[in-house]
file query14.csv (CSV, C-alpha atoms and all ligand atoms)
chain,number,residue,atom,x,y,z
A,75,LEU,CA,-86.1,-156.6,-44.9
A,76,PHE,CA,-84.3,-153.4,-45.9
A,77,SER,CA,-80.8,-154.6,-46.6
A,78,GLU,CA,-81.7,-155.6,-50.1
A,79,LEU,CA,-83.0,-152.1,-51.0
A,80,ASP,CA,-81.3,-150.3,-53.8
A,81,ASP,CA,-79.3,-147.4,-52.3
A,82,ILE,CA,-80.2,-144.0,-53.7
A,83,PRO,CA,-78.2,-140.8,-53.7
A,84,LEU,CA,-79.2,-137.9,-51.4
A,85,ASP,CA,-81.0,-135.0,-53.1
A,86,PRO,CA,-78.0,-133.0,-54.5
A,87,HIS,CA,-79.0,-129.9,-52.6
A,88,TYR,CA,-79.1,-131.6,-49.3
A,89,ALA,CA,-75.9,-133.5,-50.1
A,90,LEU,CA,-74.2,-130.1,-50.7
A,91,LYS,CA,-75.5,-128.8,-47.4
A,92,GLU,CA,-74.1,-131.8,-45.6
A,93,ASP,CA,-70.7,-131.2,-47.2
A,94,PHE,CA,-71.0,-127.5,-46.2
A,95,SER,CA,-71.7,-128.4,-42.6
A,96,ALA,CA,-68.7,-130.7,-42.5
A,97,ASP,CA,-66.3,-128.2,-44.0
A,98,PRO,CA,-64.2,-126.6,-41.2
A,99,SER,CA,-63.3,-123.5,-43.2
A,100,PRO,CA,-64.1,-120.3,-41.2
A,101,SER,CA,-64.7,-118.3,-44.4
A,102,LYS,CA,-67.1,-120.8,-46.0
A,103,VAL,CA,-70.2,-119.4,-47.8
A,104,ILE,CA,-73.1,-121.4,-49.2
A,105,LEU,CA,-74.7,-120.0,-52.3
A,106,GLY,CA,-77.1,-122.8,-52.9
A,107,SER,CA,-79.3,-122.3,-49.9
A,108,GLY,CA,-82.8,-121.0,-50.6
A,109,ILE,CA,-83.1,-118.9,-47.5
A,110,TYR,CA,-82.9,-115.1,-47.4
A,111,ARG,CA,-80.1,-113.9,-45.0
A,112,ASP,CA,-79.4,-110.4,-43.7
A,113,LYS,CA,-76.0,-108.7,-44.3
A,114,ASN,CA,-74.5,-110.6,-41.3
A,115,GLY,CA,-75.6,-113.9,-42.8
A,116,MET,CA,-78.3,-114.3,-40.2
A,117,PRO,CA,-82.0,-115.3,-40.7
A,118,TRP,CA,-84.3,-112.3,-41.1
A,119,VAL,CA,-87.7,-112.4,-39.4
A,120,LEU,CA,-89.8,-109.9,-41.4
A,121,PRO,CA,-90.8,-106.9,-39.1
A,122,THR,CA,-94.3,-107.4,-40.3
A,123,VAL,CA,-94.3,-111.0,-39.3
A,124,LYS,CA,-93.2,-109.8,-35.8
A,125,GLU,CA,-96.2,-107.5,-35.7
A,126,ALA,CA,-98.5,-110.3,-36.9
A,127,GLU,CA,-97.1,-112.5,-34.1
A,128,GLU,CA,-98.3,-110.0,-31.5
A,129,VAL,CA,-101.8,-109.9,-33.1
A,130,VAL,CA,-102.1,-113.6,-33.2
A,131,LYS,CA,-100.8,-113.9,-29.6
A,132,THR,CA,-103.4,-111.6,-28.2
A,133,SER,CA,-106.2,-113.2,-30.2
A,134,GLU,CA,-105.3,-116.7,-29.1
A,135,ASP,CA,-107.8,-118.5,-27.0
A,136,SER,CA,-108.1,-122.0,-25.5
A,137,GLY,CA,-108.7,-123.3,-29.1
A,138,ARG,CA,-105.3,-122.3,-30.3
A,139,TYR,CA,-104.1,-125.8,-30.6
A,140,ASP,CA,-107.3,-127.2,-32.0
A,141,TYR,CA,-107.3,-128.9,-35.4
A,142,LEU,CA,-108.1,-126.7,-38.4
A,143,PRO,CA,-110.8,-128.1,-40.8
A,144,ILE,CA,-109.4,-130.4,-43.6
A,145,PRO,CA,-109.2,-127.6,-46.2
A,146,GLY,CA,-107.3,-125.4,-43.7
A,147,TYR,CA,-107.8,-121.9,-42.4
A,148,ALA,CA,-110.4,-120.2,-44.6
A,149,PRO,CA,-109.4,-116.6,-44.0
A,150,PHE,CA,-105.9,-117.6,-45.1
A,151,TYR,CA,-106.6,-119.5,-48.3
A,152,THR,CA,-109.2,-117.1,-49.5
A,153,ALA,CA,-106.9,-114.1,-49.0
A,154,ALA,CA,-104.0,-116.1,-50.5
A,155,ARG,CA,-106.1,-116.7,-53.6
A,156,GLY,CA,-106.9,-113.0,-53.9
A,157,LEU,CA,-103.1,-112.3,-53.8
A,158,LEU,CA,-102.6,-114.6,-56.8
A,159,PHE,CA,-105.6,-113.9,-59.0
A,160,GLY,CA,-106.5,-110.3,-58.0
A,161,ALA,CA,-109.8,-109.1,-59.4
A,162,LEU,CA,-110.2,-112.4,-61.3
A,163,SER,CA,-110.7,-114.3,-58.0
A,164,SER,CA,-114.3,-113.3,-57.9
A,165,PRO,CA,-116.9,-114.6,-58.4
A,166,GLU,CA,-115.5,-117.5,-56.3
A,167,GLY,CA,-117.7,-120.2,-57.7
A,168,ASN,CA,-115.3,-121.7,-60.2
A,169,PHE,CA,-112.3,-121.7,-57.7
A,170,VAL,CA,-111.2,-124.3,-55.2
A,171,SER,CA,-108.5,-123.5,-52.6
A,172,VAL,CA,-107.0,-125.8,-50.0
A,173,GLN,CA,-104.3,-124.9,-47.5
A,174,THR,CA,-101.2,-127.1,-47.9
A,175,ILE,CA,-97.8,-127.9,-46.3
A,176,SER,CA,-96.2,-124.9,-48.0
A,177,GLY,CA,-95.4,-125.0,-51.8
A,178,THR,CA,-94.0,-128.5,-51.7
A,179,GLY,CA,-97.3,-129.8,-50.2
A,180,ALA,CA,-99.2,-127.8,-52.9
A,181,ASN,CA,-97.2,-129.4,-55.7
A,182,SER,CA,-97.6,-132.8,-54.1
A,183,LEU,CA,-101.3,-132.6,-53.5
A,184,GLY,CA,-101.8,-131.2,-57.0
A,185,ALA,CA,-99.7,-134.1,-58.5
A,186,HIS,CA,-101.7,-136.7,-56.5
A,187,PHE,CA,-105.0,-135.2,-57.7
A,188,LEU,CA,-104.0,-134.6,-61.4
A,189,SER,CA,-102.4,-138.0,-61.8
A,190,GLN,CA,-105.8,-139.6,-60.8
A,191,ALA,CA,-108.1,-137.1,-62.4
A,192,LEU,CA,-106.4,-136.6,-65.8
A,193,LYS,CA,-104.3,-139.7,-66.0
A,194,PRO,CA,-101.7,-137.7,-68.1
A,195,SER,CA,-99.4,-139.6,-70.4
A,196,ALA,CA,-96.7,-137.3,-69.0
A,197,VAL,CA,-95.9,-134.2,-66.9
A,198,TRP,CA,-93.7,-131.7,-68.7
A,199,LEU,CA,-91.1,-129.9,-66.6
A,200,SER,CA,-88.7,-127.2,-67.7
A,201,ASN,CA,-85.1,-128.3,-68.2
A,202,PRO,CA,-83.8,-127.5,-65.7
A,203,SER,CA,-86.4,-127.2,-63.0
A,204,TRP,CA,-86.6,-127.2,-59.2
A,205,VAL,CA,-85.2,-130.6,-58.4
A,206,ASN,CA,-88.2,-131.6,-56.3
A,207,HIS,CA,-90.7,-131.4,-59.2
A,208,ALA,CA,-89.4,-134.6,-60.7
A,209,ASN,CA,-89.4,-136.3,-57.3
A,210,ILE,CA,-93.0,-135.4,-56.7
A,211,TRP,CA,-94.3,-136.5,-60.0
A,212,LYS,CA,-92.4,-139.7,-60.1
A,213,SER,CA,-93.8,-140.6,-56.7
A,214,VAL,CA,-97.3,-140.4,-58.1
A,215,GLY,CA,-96.3,-142.7,-61.0
A,216,VAL,CA,-96.5,-140.1,-63.8
A,217,THR,CA,-93.9,-140.1,-66.6
A,218,VAL,CA,-91.6,-137.1,-66.3
A,219,ARG,CA,-90.6,-135.4,-69.5
A,220,SER,CA,-88.8,-132.1,-70.0
A,221,TYR,CA,-89.1,-129.2,-72.3
A,222,PRO,CA,-86.1,-127.0,-73.2
A,223,TYR,CA,-85.9,-123.9,-71.1
A,224,TRP,CA,-82.3,-122.7,-70.6
A,225,ASP,CA,-79.9,-122.3,-73.4
A,226,PRO,CA,-76.4,-122.5,-71.8
A,227,GLU,CA,-74.7,-121.2,-74.9
A,228,ARG,CA,-76.7,-118.0,-75.1
A,229,LYS,CA,-77.4,-117.9,-71.3
A,230,ALA,CA,-81.0,-117.2,-72.4
A,231,LEU,CA,-84.4,-118.7,-72.6
A,232,ALA,CA,-84.6,-121.5,-75.2
A,233,PHE,CA,-88.0,-120.2,-76.2
A,234,GLU,CA,-88.3,-121.6,-79.8
A,235,ASP,CA,-87.2,-125.1,-78.7
A,236,MET,CA,-89.6,-124.9,-75.8
A,237,ILE,CA,-92.6,-124.0,-78.0
A,238,GLN,CA,-91.7,-126.6,-80.5
A,239,THR,CA,-91.4,-129.4,-77.9
A,240,ILE,CA,-94.6,-128.7,-76.2
A,241,SER,CA,-96.4,-128.2,-79.5
A,242,LEU,CA,-95.2,-131.3,-81.2
A,243,GLU,CA,-94.5,-133.8,-78.4
A,244,ALA,CA,-97.0,-133.2,-75.6
A,245,THR,CA,-100.3,-135.0,-75.8
A,246,PRO,CA,-103.7,-133.5,-74.9
A,247,GLY,CA,-104.4,-134.0,-71.2
A,248,ASP,CA,-100.7,-133.8,-70.3
A,249,VAL,CA,-99.7,-131.5,-67.4
A,250,ILE,CA,-97.2,-128.7,-67.9
A,251,VAL,CA,-95.5,-127.2,-64.9
A,252,LEU,CA,-94.8,-123.5,-65.3
A,253,HIS,CA,-92.9,-121.4,-62.8
A,254,GLY,CA,-95.2,-118.3,-62.2
A,255,CYS,CA,-92.2,-116.0,-61.8
A,256,ALA,CA,-88.5,-116.1,-60.8
A,257,HIS,CA,-87.9,-119.4,-62.4
A,258,ASN,CA,-85.9,-121.8,-60.2
A,259,PRO,CA,-83.1,-122.4,-60.8
A,260,THR,CA,-82.4,-120.1,-63.8
A,261,GLY,CA,-84.1,-116.9,-62.6
A,262,LEU,CA,-85.1,-116.4,-66.2
A,263,ASP,CA,-88.8,-115.7,-67.0
A,264,PRO,CA,-90.6,-115.5,-70.4
A,265,THR,CA,-91.7,-112.1,-71.5
A,266,LYS,CA,-95.4,-111.2,-71.6
A,267,ASP,CA,-95.5,-112.0,-75.4
A,268,GLN,CA,-93.8,-115.3,-74.8
A,269,TRP,CA,-96.2,-116.2,-72.0
A,270,THR,CA,-99.1,-115.4,-74.4
A,271,MET,CA,-97.6,-117.8,-76.9
A,272,ILE,CA,-97.2,-120.5,-74.2
A,273,ALA,CA,-100.8,-120.0,-73.3
A,274,ASN,CA,-101.8,-120.4,-77.0
A,275,VAL,CA,-100.1,-123.7,-77.1
A,276,CYS,CA,-101.6,-124.9,-73.9
A,277,GLU,CA,-105.0,-124.0,-75.1
A,278,SER,CA,-104.7,-125.4,-78.6
A,279,ARG,CA,-102.9,-128.6,-77.5
A,280,GLY,CA,-105.2,-129.2,-74.5
A,281,LEU,CA,-102.3,-129.1,-72.0
A,282,PHE,CA,-103.2,-128.6,-68.3
A,283,PRO,CA,-101.1,-125.6,-66.9
A,284,PHE,CA,-99.9,-126.1,-63.3
A,285,PHE,CA,-98.2,-123.0,-62.1
A,286,ASP,CA,-95.7,-123.1,-59.3
A,287,CYS,CA,-95.6,-119.7,-57.6
A,288,ALA,CA,-93.0,-119.8,-54.9
A,289,TYR,CA,-91.6,-116.3,-55.4
A,290,GLN,CA,-94.5,-113.8,-55.9
A,291,GLY,CA,-93.0,-110.4,-55.1
A,292,PHE,CA,-89.4,-111.5,-55.6
A,293,ALA,CA,-89.1,-111.3,-59.4
A,294,SER,CA,-90.2,-107.7,-60.1
A,295,GLY,CA,-90.7,-106.6,-56.5
A,296,ASN,CA,-94.4,-106.2,-57.4
A,297,LEU,CA,-97.0,-108.8,-56.4
A,298,ASP,CA,-99.4,-108.1,-59.3
A,299,GLU,CA,-96.7,-108.0,-61.9
A,300,ASP,CA,-95.3,-111.3,-60.6
A,301,ALA,CA,-98.8,-112.9,-61.0
A,302,TRP,CA,-99.1,-111.6,-64.6
A,303,ALA,CA,-98.6,-115.0,-66.3
A,304,LEU,CA,-101.2,-116.9,-64.3
A,305,ARG,CA,-103.7,-114.0,-64.5
A,306,HIS,CA,-103.2,-114.0,-68.3
A,307,PHE,CA,-104.0,-117.7,-68.5
A,308,SER,CA,-107.0,-117.3,-66.2
A,309,SER,CA,-108.4,-114.3,-68.0
A,310,ARG,CA,-108.7,-116.1,-71.3
A,311,GLY,CA,-111.7,-117.7,-69.8
A,312,ASN,CA,-111.4,-121.1,-71.5
A,313,MET,CA,-108.7,-122.8,-69.6
A,314,GLU,CA,-108.7,-124.7,-66.3
A,315,LEU,CA,-105.5,-124.5,-64.3
A,316,ALA,CA,-103.9,-125.0,-61.0
A,317,VAL,CA,-101.5,-122.9,-58.9
A,318,ALA,CA,-99.2,-124.1,-56.1
A,319,GLN,CA,-98.5,-121.2,-53.8
A,320,SER,CA,-95.8,-120.7,-51.1
A,321,PHE,CA,-95.3,-118.1,-48.4
A,322,SER,CA,-91.9,-119.5,-47.4
A,323,LYS,CA,-89.8,-116.9,-49.2
A,324,ASN,CA,-92.0,-113.8,-49.6
A,325,MET,CA,-93.0,-113.9,-45.9
A,326,GLY,CA,-89.9,-115.6,-44.7
A,327,LEU,CA,-92.1,-118.3,-43.0
A,328,TYR,CA,-89.9,-121.2,-44.2
A,329,GLY,CA,-90.3,-123.5,-41.3
A,330,GLU,CA,-94.0,-122.7,-40.6
A,331,ARG,CA,-94.9,-124.4,-44.0
A,332,VAL,CA,-97.5,-122.0,-45.2
A,333,GLY,CA,-98.9,-122.6,-48.7
A,334,ALA,CA,-102.0,-123.3,-50.7
A,335,LEU,CA,-103.2,-125.1,-53.8
A,336,HIS,CA,-105.8,-123.4,-56.0
A,337,PHE,CA,-107.8,-124.7,-59.0
A,338,LEU,CA,-109.6,-122.6,-61.5
A,339,THR,CA,-112.3,-124.8,-63.0
A,340,ALA,CA,-114.9,-124.4,-65.7
A,341,SER,CA,-118.0,-124.4,-63.5
A,342,PRO,CA,-119.1,-124.4,-59.9
A,343,ASP,CA,-120.2,-128.0,-60.4
A,344,ALA,CA,-116.6,-128.9,-61.5
A,345,ALA,CA,-115.2,-126.9,-58.6
A,346,GLY,CA,-117.3,-128.8,-56.1
A,347,LYS,CA,-116.1,-132.2,-57.5
A,348,VAL,CA,-112.4,-131.1,-57.5
A,349,LYS,CA,-112.9,-129.9,-53.9
A,350,ARG,CA,-114.3,-133.2,-52.7
A,351,HIS,CA,-111.4,-135.1,-54.4
A,352,LEU,CA,-108.8,-132.7,-52.9
A,353,LEU,CA,-110.3,-133.1,-49.4
A,354,GLY,CA,-110.3,-136.9,-49.7
A,355,LEU,CA,-106.6,-136.8,-50.7
A,356,GLN,CA,-105.7,-134.2,-48.0
A,357,ARG,CA,-107.4,-136.4,-45.4
A,358,GLY,CA,-105.3,-139.4,-46.3
A,359,LEU,CA,-102.1,-137.4,-46.7
A,360,ILE,CA,-102.0,-135.0,-43.7
A,361,SER,CA,-105.6,-134.8,-42.3
A,362,GLN,CA,-105.3,-131.1,-41.4
A,363,PRO,CA,-102.8,-128.5,-42.3
A,364,PRO,CA,-100.9,-126.6,-39.5
A,365,LYS,CA,-102.6,-123.5,-37.9
A,366,ARG,CA,-100.1,-121.0,-36.7
A,367,GLY,CA,-98.3,-120.0,-39.9
A,368,ALA,CA,-101.7,-119.7,-41.7
A,369,MET,CA,-102.9,-117.3,-39.0
A,370,LEU,CA,-99.8,-115.2,-39.3
A,371,ALA,CA,-100.1,-115.0,-43.1
A,372,ALA,CA,-103.9,-114.3,-42.9
A,373,THR,CA,-103.3,-111.5,-40.4
A,374,ILE,CA,-100.9,-109.8,-42.8
A,375,LEU,CA,-103.0,-110.3,-45.9
A,376,LYS,CA,-106.2,-109.1,-44.3
A,377,ASP,CA,-105.1,-106.0,-42.4
A,378,ASN,CA,-104.4,-103.0,-44.7
A,379,ALA,CA,-101.7,-101.5,-42.5
A,380,LEU,CA,-99.8,-104.8,-42.0
A,381,PHE,CA,-100.2,-105.5,-45.7
A,382,GLN,CA,-98.5,-102.2,-46.6
A,383,ASN,CA,-95.7,-102.9,-44.1
A,384,TRP,CA,-95.3,-106.3,-45.8
A,385,LEU,CA,-94.9,-104.7,-49.2
A,386,ALA,CA,-92.0,-102.6,-47.7
A,387,ASP,CA,-90.4,-105.7,-46.3
A,388,LEU,CA,-90.7,-107.4,-49.7
A,389,CYS,CA,-89.2,-104.5,-51.4
A,390,GLU,CA,-86.3,-104.5,-48.9
A,391,MET,CA,-85.5,-108.1,-49.7
A,392,SER,CA,-85.9,-107.9,-53.5
A,393,SER,CA,-84.0,-104.7,-53.8
A,394,ARG,CA,-81.2,-105.9,-51.6
A,395,ILE,CA,-80.9,-109.1,-53.7
A,396,LYS,CA,-80.7,-106.9,-56.8
A,397,CYS,CA,-77.9,-104.8,-55.2
A,398,MET,CA,-75.9,-107.9,-54.3
A,399,ARG,CA,-76.2,-109.1,-57.9
A,400,GLN,CA,-74.9,-105.7,-59.1
A,401,ALA,CA,-72.0,-105.8,-56.6
A,402,LEU,CA,-71.1,-109.3,-57.7
A,403,TYR,CA,-71.2,-108.3,-61.4
A,404,ASP,CA,-69.2,-105.2,-60.8
A,405,GLU,CA,-66.5,-107.1,-58.9
A,406,LEU,CA,-66.3,-109.8,-61.7
A,407,ILE,CA,-65.9,-107.1,-64.3
A,408,SER,CA,-63.3,-105.1,-62.3
A,409,LEU,CA,-61.2,-108.2,-61.8
A,410,GLY,CA,-61.4,-108.8,-65.6
A,411,THR,CA,-62.9,-112.3,-65.1
A,412,PRO,CA,-63.2,-114.0,-68.5
A,413,GLY,CA,-66.7,-114.7,-69.8
A,414,ASN,CA,-69.9,-112.8,-70.1
A,415,TRP,CA,-71.6,-112.1,-66.7
A,416,ASP,CA,-74.7,-110.2,-68.0
A,417,HIS,CA,-77.1,-112.9,-66.9
A,418,ILE,CA,-76.3,-112.1,-63.3
A,419,LEU,CA,-78.1,-108.8,-63.8
A,420,THR,CA,-80.9,-110.0,-66.1
A,421,GLN,CA,-82.0,-113.0,-64.0
A,422,ALA,CA,-84.7,-112.6,-61.4
A,423,SER,CA,-84.1,-113.5,-57.8
A,424,ALA,CA,-85.2,-117.1,-57.2
A,425,LEU,CA,-83.8,-118.4,-53.9
A,426,SER,CA,-83.2,-121.9,-55.1
A,427,LYS,CA,-83.6,-124.8,-52.8
B,501,LIG,N1,-91.4,-124.5,-55.9
B,501,LIG,C1,-90.3,-123.9,-56.2
B,501,LIG,C2,-90.0,-123.5,-57.6
B,501,LIG,C3,-89.3,-123.7,-55.2
B,501,LIG,O1,-88.1,-123.1,-55.5
B,501,LIG,C4,-89.6,-124.0,-53.9
B,501,LIG,C5,-88.6,-123.8,-52.8
B,501,LIG,N2,-87.4,-123.6,-53.1
B,501,LIG,C6,-90.8,-124.6,-53.6
B,501,LIG,C7,-91.7,-124.8,-54.6
B,501,LIG,C8,-91.3,-125.1,-52.3
B,501,LIG,O2,-90.9,-124.4,-51.2
B,501,LIG,P1,-91.7,-124.5,-49.8
B,501,LIG,O3,-92.1,-126.0,-49.7
B,501,LIG,O4,-90.8,-124.1,-48.8
B,501,LIG,O5,-92.9,-123.7,-50.0

call {"tool": "encode", "arguments": {"input": "query14.csv", "output": "structure tokens", "more": "lines below"}}
Ligand code: PMP
result
Amino acid sequence: LFSELDDIPLDPHYALKEDFSADPSPSKVILGSGIYRDKNGMPWVLPTVKEAEEVVKTSEDSGRYDYLPIPGYAPFYTAARGLLFGALSSPEGNFVSVQTISGTGANSLGAHFLSQALKPSAVWLSNPSWVNHANIWKSVGVTVRSYPYWDPERKALAFEDMIQTISLEATPGDVIVLHGCAHNPTGLDPTKDQWTMIANVCESRGLFPFFDCAYQGFASGNLDEDAWALRHFSSRGNMELAVAQSFSKNMGLYGERVGALHFLTASPDAAGKVKRHLLGLQRGLISQPPKRGAMLAATILKDNALFQNWLADLCEMSSRIKCMRQALYDELISLGTPGNWDHILTQASALSK
């Protein structure tokens, strides 16, 4: 049955990881891996997550292995929405939030829903983008197109080309995937003025903005600042949008698969319909999301002392990444390495995967 299948290449990131594992060199280093490591190259469990583990442990009862409801753990997805939308997240009536299998699951559930609800002629991805975006959208049968993003000559954002492409080539009802902050893989984000112009085009062309927010807290080190773009779009009051959210990086909960998908809709009636569609899809795809990671994240988001500790952990990670960028830059310069390395300092810190 399967011998006639076309063979397909491995995802380039995982292919590289396999080559890395097979390489016997004792001094090997992998720079492509999207996982924060400490100075000894070891995984770092955030001290705040350790504290939350203790809280979750003592609150566990005989129901700890029960299923969650289909939309997930409500204290988690409600607090997660607050983290993204801030003061804009109330009143809640126009919002829908569903817990997902981390950011990947949020992108995927969003793509399933939008492919059916909007039947877009295309989804627009930045060139380049996180490799999995194209995979996800192809798997739901939507044509994948790309808008210019990175100008390799200038090592800068190809902003004019981006605006021109989405203004002239995208069709009303198309979906545009935007990286909320710390664009993966370039680490280069639009300025606030540029975001405003992108929002203008989405609004005037009737494009549906789908934010992917996998690095809130990593770009500027400030959670609110990193949510600026999606809050700007939301505050205009006349655009519906979606956000895929991940806690893999900012809480270091990679393997727990903690994430959420949020929709801001035009009315409570629309929100109710979107919710019922999402729950129908979620039921067919995963039935219920996992419990433990969502409880850990909710514990941190809802307890003021733990939240403050988490901010300190986040700051430690983002500032250490900045220091490492500076050290790499300094070394390249002191060795007289040909080329311009300024982008190492100007890019934000996406941990690409
Ligand atoms: N979106 C982007 C842009 C990413 O870089 C990543 C992970 N590298 C994800 C989503 C998903 O990650 P996860 O499924 O671990 O949340």

call {"tool": "closest_residue", "arguments": {"input": "query14.csv", "among": "A:Thr152, A:Asn414, A:Ser195, A:Asn206", "to": "ligand LIG 501 (chain B)", "atoms": "only C-alpha atoms and all ligand atoms"}}
result
A:Asn206

call {"tool": "atom_distance", "arguments": {"input": "query14.csv", "atom1": "CA of Ser95 (chain A)", "atom2": "CA of Tyr110 (chain A)"}}
result
18.0 Å

call {"tool": "residues_near_ligand", "arguments": {"input": "query14.csv", "ligand": "ligand LIG 501 (chain B)", "cutoff": "9 Å", "atoms": "only C-alpha atoms and all ligand atoms", "output": "ChimeraX atom specification"}}
result
/A:107-109,175-181,203-207,253-259,286-289,318-323,327-333,424-427

call {"tool": "closest_residue", "arguments": {"input": "query14.csv", "among": "A:Ala371, A:Ala340, A:Ala334, A:Val251", "to": "Val172 (chain A)", "atoms": "all atoms listed in the file"}}
result
A:Ala334

call {"tool": "atom_distance", "arguments": {"input": "query14.csv", "atom1": "CA of Val214 (chain A)", "atom2": "CA of Gln190 (chain A)"}}
result
9.0 Å

call {"tool": "atom_distance", "arguments": {"input": "query14.csv", "atom1": "CA of Met391 (chain A)", "atom2": "CA of Pro121 (chain A)"}}
result
11.9 Å

call {"tool": "closest_residue", "arguments": {"input": "query14.csv", "among": "A:Asp225, A:Asp343, A:Ser182, A:Ser163", "to": "Ala208 (chain A)", "atoms": "all atoms listed in the file"}}
result
A:Ser182

call {"tool": "closest_residue", "arguments": {"input": "query14.csv", "among": "A:Leu370, A:Ala232, A:Leu338, A:Ile360", "to": "Trp384 (chain A)", "atoms": "all atoms listed in the file"}}
result
A:Leu370

call {"tool": "residues_near_point", "arguments": {"input": "query14.csv", "point": "(-86.3, -125.5, -71.1)", "cutoff": "7 Å", "atoms": "only C-alpha atoms", "output": "MDAnalysis selection string"}}
result
chainID A and resid 200:202 221:224 232 236

call {"tool": "closest_residue", "arguments": {"input": "query14.csv", "among": "A:His417, A:Lys102, A:Lys124, A:Arg219", "to": "Gly326 (chain A)", "atoms": "all atoms listed in the file"}}
result
A:Lys124

call {"tool": "closest_residue", "arguments": {"input": "query14.csv", "among": "A:Asp387, A:Leu120, A:Asp97, A:Leu142", "to": "Thr174 (chain A)", "atoms": "only C-alpha atoms"}}
result
A:Leu142

call {"tool": "axis_aligned_box", "arguments": {"input": "query14.csv", "around": "region 337-347 of chain A", "padding_each_side": "6 Å", "output": "AutoDock Vina command-line options"}}
result
--center_x -114.0 --center_y -127.4 --center_z -60.9 --size_x 24.4 --size_y 21.6 --size_z 21.6

call {"tool": "closest_atom_pairs", "arguments": {"input": "query14.csv", "of": "region 266-319 of chain A", "to": "region 393-398 of chain A", "cutoff": "12 Å", "atoms": "only C-alpha atoms", "output": "JSON lines"}}
result
{"residue": "A:Gly291", "atom": "CA", "partner": "A:Ser393", "partner_atom": "CA", "distance": 10.7}
{"residue": "A:Phe292", "atom": "CA", "partner": "A:Ser393", "partner_atom": "CA", "distance": 8.9}
{"residue": "A:Ala293", "atom": "CA", "partner": "A:Lys396", "partner_atom": "CA", "distance": 9.8}
{"residue": "A:Ser294", "atom": "CA", "partner": "A:Ser393", "partner_atom": "CA", "distance": 9.3}
{"residue": "A:Gly295", "atom": "CA", "partner": "A:Ser393", "partner_atom": "CA", "distance": 7.5}
{"residue": "A:Asn296", "atom": "CA", "partner": "A:Ser393", "partner_atom": "CA", "distance": 11.1}

call {"tool": "residues_near_point", "arguments": {"input": "query14.csv", "point": "(-103.3, -138.6, -67.7)", "cutoff": "12 Å", "atoms": "only C-alpha atoms", "output": "ChimeraX atom specification"}}
result
/A:185-198,214-218,244-250,280-282

call {"tool": "residues_around", "arguments": {"input": "query14.csv", "residues": "region 268-273 of chain A", "least_positions_apart": "6", "cutoff": "8 Å", "atoms": "only C-alpha atoms", "output": "number ranges by chain"}}
result
A: 233, 237, 303, 306-307

call {"tool": "write_last_selection", "arguments": {"input": "query14.csv", "atoms": "C-alpha atoms", "output": "PDB file, keeping the file's coordinate frame"}}
result
ATOM      1  CA  PHE A 233     -88.000-120.200 -76.200  1.00  0.00           C
ATOM      2  CA  ILE A 237     -92.600-124.000 -78.000  1.00  0.00           C
ATOM      3  CA  ALA A 303     -98.600-115.000 -66.300  1.00  0.00           C
ATOM      4  CA  HIS A 306    -103.200-114.000 -68.300  1.00  0.00           C
ATOM      5  CA  PHE A 307    -104.000-117.700 -68.500  1.00  0.00           C
TER       6      PHE A 307
END
